[in-house]
Structure formats: C-alpha cells, structure tokens
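Structure data follow from target-v9.pdb (PDB, C-alpha atoms):
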```
ATOM      1  CA  MET A   1     -27.240 -10.682  -3.337
ATOM      2  CA  ASP A   2     -23.599 -10.216  -4.255
ATOM      3  CA  THR A   3     -22.048 -13.681  -4.293
ATOM      4  CA  GLN A   4     -18.756 -12.339  -5.687
ATOM      5  CA  HIS A   5     -17.510 -11.585  -2.167
ATOM      6  CA  THR A   6     -18.707 -14.648  -0.257
ATOM      7  CA  SER A   7     -15.494 -16.647  -0.515
ATOM      8  CA  THR A   8     -11.826 -15.804  -0.771
ATOM      9  CA  SER A   9     -11.449 -17.706  -4.050
ATOM     10  CA  ALA A  10     -14.192 -15.647  -5.720
ATOM     11  CA  ARG A  11     -12.685 -12.251  -4.905
ATOM     12  CA  ASP A  12     -10.997 -10.458  -7.740
ATOM     13  CA  VAL A  13      -7.403  -9.278  -7.667
ATOM     14  CA  VAL A  14      -8.346  -5.629  -7.138
ATOM     15  CA  ASP A  15     -10.456  -6.459  -4.077
ATOM     16  CA  ILE A  16      -7.654  -8.601  -2.632
ATOM     17  CA  LEU A  17      -4.889  -6.035  -3.164
ATOM     18  CA  THR A  18      -7.043  -3.148  -1.930
ATOM     19  CA  LEU A  19      -7.852  -5.085   1.247
ATOM     20  CA  ASP A  20      -4.108  -5.735   1.696
ATOM     21  CA  HIS A  21      -3.522  -1.977   1.498
ATOM     22  CA  ARG A  22      -6.142  -1.313   4.200
ATOM     23  CA  GLU A  23      -4.591  -3.983   6.456
ATOM     24  CA  MET A  24      -1.104  -2.502   6.014
ATOM     25  CA  GLU A  25      -2.398   0.985   6.785
ATOM     26  CA  GLY A  26      -4.135  -0.394   9.888
ATOM     27  CA  LEU A  27      -0.876  -1.952  11.101
ATOM     28  CA  LEU A  28       0.979   1.310  10.431
ATOM     29  CA  ASP A  29      -1.596   3.180  12.511
ATOM     30  CA  GLN A  30      -1.245   0.665  15.368
ATOM     31  CA  ILE A  31       2.573   0.895  15.292
ATOM     32  CA  GLN A  32       2.485   4.678  15.437
ATOM     33  CA  GLN A  33      -0.065   4.730  18.266
ATOM     34  CA  SER A  34       1.666   2.132  20.423
ATOM     35  CA  PRO A  35       3.720   3.463  23.347
ATOM     36  CA  ASP A  36       5.269   0.015  23.893
ATOM     37  CA  GLY A  37       8.525  -0.795  22.072
ATOM     38  CA  GLU A  38       7.951  -4.558  22.204
ATOM     39  CA  GLN A  39       4.466  -4.220  20.720
ATOM     40  CA  ARG A  40       5.813  -1.859  18.019
ATOM     41  CA  ARG A  41       8.446  -4.478  17.145
ATOM     42  CA  GLU A  42       5.856  -7.261  16.879
ATOM     43  CA  LEU A  43       3.484  -5.135  14.775
ATOM     44  CA  THR A  44       6.361  -4.023  12.540
ATOM     45  CA  ASP A  45       7.400  -7.638  11.946
ATOM     46  CA  MET A  46       3.799  -8.431  10.995
ATOM     47  CA  LEU A  47       3.691  -5.423   8.652
ATOM     48  CA  ILE A  48       6.969  -6.389   6.966
ATOM     49  CA  ALA A  49       5.657  -9.914   6.389
ATOM     50  CA  GLU A  50       2.422  -8.594   4.871
ATOM     51  CA  VAL A  51       4.220  -6.119   2.617
ATOM     52  CA  MET A  52       6.652  -8.776   1.385
ATOM     53  CA  ARG A  53       3.902 -11.256   0.551
ATOM     54  CA  HIS A  54       1.893  -8.559  -1.219
ATOM     55  CA  SER A  55       4.919  -7.300  -3.180
ATOM     56  CA  VAL A  56       6.042 -10.747  -4.291
ATOM     57  CA  ALA A  57       2.532 -11.605  -5.491
ATOM     58  CA  GLU A  58       2.256  -8.324  -7.396
ATOM     59  CA  GLU A  59       5.630  -8.781  -9.066
ATOM     60  CA  MET A  60       4.918 -12.390 -10.001
ATOM     61  CA  TYR A  61       1.416 -11.968 -11.418
ATOM     62  CA  VAL A  62      -0.023  -8.450 -11.416
ATOM     63  CA  TYR A  63       2.824  -6.531 -13.047
ATOM     64  CA  PRO A  64       3.300  -8.990 -15.939
ATOM     65  CA  THR A  65      -0.457  -8.703 -16.582
ATOM     66  CA  MET A  66      -0.234  -4.902 -16.510
ATOM     67  CA  GLU A  67       2.679  -5.008 -18.951
ATOM     68  CA  LYS A  68       0.663  -7.071 -21.430
ATOM     69  CA  ARG A  69      -2.817  -5.659 -21.011
ATOM     70  CA  ILE A  70      -2.827  -1.958 -20.130
ATOM     71  CA  PRO A  71      -1.483   0.999 -22.128
ATOM     72  CA  ASP A  72       1.983   2.019 -20.882
ATOM     73  CA  GLY A  73       1.832  -1.013 -18.604
ATOM     74  CA  GLU A  74       5.566  -1.681 -18.846
ATOM     75  CA  GLN A  75       6.420   1.798 -17.584
ATOM     76  CA  GLU A  76       3.824   1.580 -14.826
ATOM     77  CA  ALA A  77       5.075  -1.829 -13.674
ATOM     78  CA  GLU A  78       8.671  -0.554 -13.710
ATOM     79  CA  HIS A  79       7.653   2.461 -11.623
ATOM     80  CA  ASP A  80       5.876   0.194  -9.120
ATOM     81  CA  LYS A  81       8.919  -2.093  -8.862
ATOM     82  CA  GLU A  82      11.093   0.935  -8.114
ATOM     83  CA  GLU A  83       8.658   1.926  -5.362
ATOM     84  CA  HIS A  84       8.799  -1.631  -3.989
ATOM     85  CA  ASP A  85      12.599  -1.364  -3.883
ATOM     86  CA  GLU A  86      12.366   1.871  -1.863
ATOM     87  CA  ILE A  87       9.887   0.247   0.519
ATOM     88  CA  VAL A  88      12.129  -2.815   0.941
ATOM     89  CA  GLN A  89      15.142  -0.621   1.757
ATOM     90  CA  VAL A  90      13.223   1.046   4.605
ATOM     91  CA  MET A  91      11.957  -2.339   5.854
ATOM     92  CA  LYS A  92      15.537  -3.664   5.911
ATOM     93  CA  GLN A  93      16.475  -0.688   8.103
ATOM     94  CA  LEU A  94      13.579  -1.529  10.426
ATOM     95  CA  GLU A  95      14.265  -5.242  10.693
ATOM     96  CA  ASP A  96      16.955  -5.155  13.358
ATOM     97  CA  ALA A  97      16.369  -1.635  14.651
ATOM     98  CA  ASP A  98      15.523  -1.026  18.317
ATOM     99  CA  ALA A  99      11.807  -0.212  18.444
ATOM    100  CA  ALA A 100      12.389   1.973  21.513
ATOM    101  CA  GLU A 101      14.739   4.334  19.652
ATOM    102  CA  PRO A 102      13.409   7.547  18.038
ATOM    103  CA  ALA A 103      15.111   6.582  14.739
ATOM    104  CA  PHE A 104      12.827   3.543  14.595
ATOM    105  CA  MET A 105       9.716   5.717  14.479
ATOM    106  CA  ASP A 106      11.355   7.992  11.892
ATOM    107  CA  ARG A 107      11.745   4.931   9.659
ATOM    108  CA  VAL A 108       8.152   3.851  10.377
ATOM    109  CA  HIS A 109       6.952   7.312   9.287
ATOM    110  CA  LYS A 110       8.996   7.008   6.084
ATOM    111  CA  LEU A 111       7.558   3.539   5.427
ATOM    112  CA  ASP A 112       4.050   4.885   6.078
ATOM    113  CA  GLU A 113       4.599   7.666   3.534
ATOM    114  CA  LEU A 114       5.951   5.275   0.878
ATOM    115  CA  LEU A 115       3.260   2.622   1.369
ATOM    116  CA  ARG A 116       0.355   5.064   1.341
ATOM    117  CA  HIS A 117       1.690   6.770  -1.800
ATOM    118  CA  HIS A 118       2.127   3.401  -3.530
ATOM    119  CA  ALA A 119      -1.362   2.213  -2.542
ATOM    120  CA  LYS A 120      -2.970   5.473  -3.664
ATOM    121  CA  ASP A 121      -1.257   5.261  -7.080
ATOM    122  CA  GLU A 122      -2.373   1.689  -7.619
ATOM    123  CA  GLU A 123      -5.945   2.235  -6.445
ATOM    124  CA  ALA A 124      -6.509   5.496  -8.333
ATOM    125  CA  ASP A 125      -4.796   4.585 -11.584
ATOM    126  CA  GLN A 126      -3.763   0.988 -12.185
ATOM    127  CA  PHE A 127      -6.582  -0.955 -10.543
ATOM    128  CA  PRO A 128      -9.282   0.815 -12.599
ATOM    129  CA  LYS A 129      -7.242   0.083 -15.753
ATOM    130  CA  LEU A 130      -7.027  -3.605 -14.828
ATOM    131  CA  ARG A 131     -10.779  -3.729 -14.228
ATOM    132  CA  ALA A 132     -11.376  -2.016 -17.586
ATOM    133  CA  ARG A 133      -9.088  -4.348 -19.557
ATOM    134  CA  LEU A 134      -9.666  -7.754 -17.934
ATOM    135  CA  SER A 135     -12.884  -9.727 -17.719
ATOM    136  CA  GLY A 136     -14.391 -10.507 -14.330
ATOM    137  CA  GLU A 137     -13.264 -14.107 -14.722
ATOM    138  CA  GLU A 138      -9.694 -13.028 -15.514
ATOM    139  CA  LEU A 139      -9.647 -10.733 -12.466
ATOM    140  CA  VAL A 140     -10.843 -13.564 -10.199
ATOM    141  CA  GLU A 141      -8.291 -15.962 -11.720
ATOM    142  CA  LEU A 142      -5.517 -13.403 -11.183
ATOM    143  CA  GLY A 143      -6.760 -12.953  -7.614
ATOM    144  CA  SER A 144      -6.492 -16.681  -7.010
ATOM    145  CA  LYS A 145      -2.875 -16.697  -8.237
ATOM    146  CA  VAL A 146      -2.071 -13.722  -6.009
ATOM    147  CA  GLU A 147      -3.578 -15.455  -2.946
ATOM    148  CA  LYS A 148      -1.524 -18.609  -3.586
ATOM    149  CA  ALA A 149       1.676 -16.607  -4.096
ATOM    150  CA  LYS A 150       1.068 -14.698  -0.856
ATOM    151  CA  GLN A 151       0.794 -17.967   1.094
ATOM    152  CA  LEU A 152       4.181 -19.185  -0.148
ATOM    153  CA  ALA A 153       6.115 -15.940  -0.430
ATOM    154  CA  PRO A 154       9.046 -15.009   1.786
ATOM    155  CA  THR A 155       8.103 -12.827   4.731
ATOM    156  CA  ARG A 156      11.311 -10.844   5.124
ATOM    157  CA  PRO A 157      13.215  -8.474   2.852
ATOM    158  CA  HIS A 158      16.368 -10.313   1.884
ATOM    159  CA  PRO A 159      19.466  -8.428   0.764
ATOM    160  CA  SER A 160      20.100  -7.865  -2.931
ATOM    161  CA  ALA A 161      17.416 -10.102  -4.401
ATOM    162  CA  PRO A 162      14.496  -8.987  -6.538
ATOM    163  CA  HIS A 163      11.290 -10.146  -4.896
ATOM    164  CA  SER A 164       9.943 -12.482  -7.555
ATOM    165  CA  GLU A 165      13.409 -13.851  -8.296
ATOM    166  CA  LEU A 166      13.857 -14.435  -4.582
ATOM    167  CA  PHE A 167      10.560 -16.286  -4.476
ATOM    168  CA  HIS A 168      11.660 -18.687  -7.220
ATOM    169  CA  LYS A 169      15.064 -19.224  -5.621
ATOM    170  CA  THR A 170      13.692 -20.009  -2.175
ATOM    171  CA  VAL A 171      10.375 -21.708  -2.841
ATOM    172  CA  GLY A 172      10.555 -22.784  -6.476
ATOM    173  CA  ALA A 173      13.858 -24.572  -5.996
ATOM    174  CA  GLY A 174      12.606 -26.297  -2.864
ATOM    175  CA  VAL A 175      15.282 -24.797  -0.643
ATOM    176  CA  GLY A 176      14.079 -25.114   2.939
ATOM    177  CA  MET A 177      14.236 -21.453   3.758
ATOM    178  CA  VAL A 178      12.045 -20.674   6.750
ATOM    179  CA  ASP A 179      11.601 -17.099   7.864
ATOM    180  CA  ARG A 180      11.625 -16.276  11.543
ATOM    181  CA  LEU A 181       8.133 -14.841  11.188
ATOM    182  CA  ARG A 182       6.507 -18.023   9.853
ATOM    183  CA  ASP A 183       5.794 -19.445  13.323
ATOM    184  CA  GLN A 184       4.657 -16.101  14.673
ATOM    185  CA  LEU A 185       2.323 -15.532  11.728
ATOM    186  CA  SER A 186       1.103 -19.089  11.215
ATOM    187  CA  GLY A 187      -2.066 -18.333  13.145
ATOM    188  CA  ARG A 188      -2.826 -15.397  10.840
ATOM    189  CA  MET A 189      -2.222 -17.194   7.568
ATOM    190  CA  THR A 190      -5.180 -18.725   5.767
ATOM    191  CA  GLY A 191      -5.090 -22.042   3.995
TER
END
```

Represent the structure from my file as structure tokens, please.
Amino acid sequence: MDTQHTSTSARDVVDILTLDHREMEGLLDQIQQSPDGEQRRELTDMLIAEVMRHSVAEEMYVYPTMEKRIPDGEQEAEHDKEEHDEIVQVMKQLEDADAAEPAFMDRVHKLDELLRHHAKDEEADQFPKLRARLSGEELVELGSKVEKAKQLAPTRPHPSAPHSELFHKTVGAGVGMVDRLRDQLSGRMTG
C-alpha cells in the first residue's frame, strides 16, 4: 500500500505542482466550453487565483531549490520566471475584461497556450531533475512549504510587483491586503 499519497502533508512537491497543473487545465477547459459569460468570468477568477498561488509558491521555494540543486538551475529558474511574467500579463488583461466579448476568449486561448507550455516544460524536464537530486524527505518537505505558501499567497496579479516580493510585502509585513477572490474561494481552500 502506498502511504505516500494518503495525506496532503505527505505528498511531495512534484505531485502537488503536477496536480495544480491538471486543475488549471481543467478550469481552462471549462472556461472554453462554457457558453455563459458570467460562468466564464467566475471560472476565470478561480483560475487566476490558482495560478497566482502556484506561481508565488514556486518562486518562493521551488526555484531557489532548483538554482542550488540542479545543473543549470539558475537559467531554468530565470526562464520559468519569465514565463510567469508572460502569464501574469495575460491574466491582468483578463481581470477586468468583459467575459462576453470575443477578445476575452482570445486572451483565454493565449493563457491556455502559455500555461500548458509552462506545465509541459516543468513536468518533462525540471520535475524529474528535482526528483533525481532531492531525497524523498526533501521533496515532501518542499511540498509542505509550497502548500503553506499557496494558502497565504495573493490571489490576483498585482501591477509591477514580482510575485514572491509581492508576497512578502503583503503577507510578510502584515499589511491587511484582502483580495476580492478570498471570500469567493474560501470554500475551496484547504486548511
């Protein structure tokens, strides 16, 4: 029996991030299949929140680990951060866009393309390198840090702030920043 996957705290970072990717892709599929503008808006807000939490957690914990532990990790982390920036720019364009407009779906398609490319890169290249270079215990510990960061991370792309720096400014400093999605997503958040 595989006890590694019986509780959230025992899952390793690769399992957690891969599951995030599947959930994001599922939301993208739902957005693109929905004929209802209001439902598309709600699903897009949920997707943006998930992507932001995932990105902040990666930039806080996963990328520094890659930089230290895998060959060419600094270049790979830099490349991933650049992809995050592209993704955030598209999400900013989606935030206040009218979900009934054709331009909205054009942006969703662009976001879909960027997210799937990013996930594929990580899963095919970087995640296997992390598994090869870190012990099982280290991967589970990193996963625990990622889960905690995701619970506290901002849920909206804020203008001109790097994600991890933004996290420290808003949460680390104790500033009472509350995103408009917190209430909407509180039922989906664990812990």

How would you write, as a PDB file with C-alpha atoms, in the frame of the given file, the residues chosen by the PyMOL selection byres ((chain A and resi 141-147) around 7) on this structure?
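In the end it all went to out-v8.pdb:
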```
ATOM      1  CA  SER A   9     -11.449 -17.706  -4.050  1.00  0.00           C
ATOM      2  CA  ARG A  11     -12.685 -12.251  -4.905  1.00  0.00           C
ATOM      3  CA  ASP A  12     -10.997 -10.458  -7.740  1.00  0.00           C
ATOM      4  CA  VAL A  13      -7.403  -9.278  -7.667  1.00  0.00           C
ATOM      5  CA  ILE A  16      -7.654  -8.601  -2.632  1.00  0.00           C
ATOM      6  CA  ALA A  57       2.532 -11.605  -5.491  1.00  0.00           C
ATOM      7  CA  TYR A  61       1.416 -11.968 -11.418  1.00  0.00           C
ATOM      8  CA  GLU A 137     -13.264 -14.107 -14.722  1.00  0.00           C
ATOM      9  CA  GLU A 138      -9.694 -13.028 -15.514  1.00  0.00           C
ATOM     10  CA  LEU A 139      -9.647 -10.733 -12.466  1.00  0.00           C
ATOM     11  CA  VAL A 140     -10.843 -13.564 -10.199  1.00  0.00           C
ATOM     12  CA  LYS A 148      -1.524 -18.609  -3.586  1.00  0.00           C
ATOM     13  CA  ALA A 149       1.676 -16.607  -4.096  1.00  0.00           C
ATOM     14  CA  LYS A 150       1.068 -14.698  -0.856  1.00  0.00           C
ATOM     15  CA  GLN A 151       0.794 -17.967   1.094  1.00  0.00           C
TER      16      GLN A 151
END
```

### Task
Write out as a PyMOL selection string which residues come within 10 Å of A:Met105 when counting all atoms listed in the file, dropping same-chain ones fewer than 5 positions away.
chain A and resi 31-32+40+94+97-100+110-111

### Task
List, as a list in words, every residue that the PyMOL selection byres ((chain A and resi 77) around 8) selects in the file provided.
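Output from the PyMOL selection byres ((chain A and resi 77) around 8), applied to this file: Tyr63, Pro64, Met66, Glu67, Gly73, Glu74, Gln75, Glu76, Glu78, His79, Asp80 and Lys81 of chain A.
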
### Message
With the PyMOL selection byres ((chain A and resi 44) around 8) as the selection, what would be picked from this file? Answer as a PyMOL selection string, please.
### Response
chain A and resi 27-28+31+40-43+45-48+94

### Task
Would you work out the distance separating atom CA of A:Asp29 from atom CA of A:Leu114, expressed in Å to one decimal?
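Atom CA of A:Leu114 lies 14.0 Å from atom CA of A:Asp29.
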
Return as AutoDock Vina command-line options the centre and edge lengths, in Å with one decimal, of the box along x, y and z that encloses every atom of stretch 77-82 of chain A in the file, padded by 6 Å per side.
```
--center_x 8.1 --center_y 0.2 --center_z -10.9 --size_x 18.0 --size_y 16.6 --size_z 17.6
```

### Query
In Å, how far is it from atom CA of A:Ile70 to atom CA of A:Arg22?
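About the pair atom CA of A:Ile70 and atom CA of A:Arg22: they are 24.6 Å apart.
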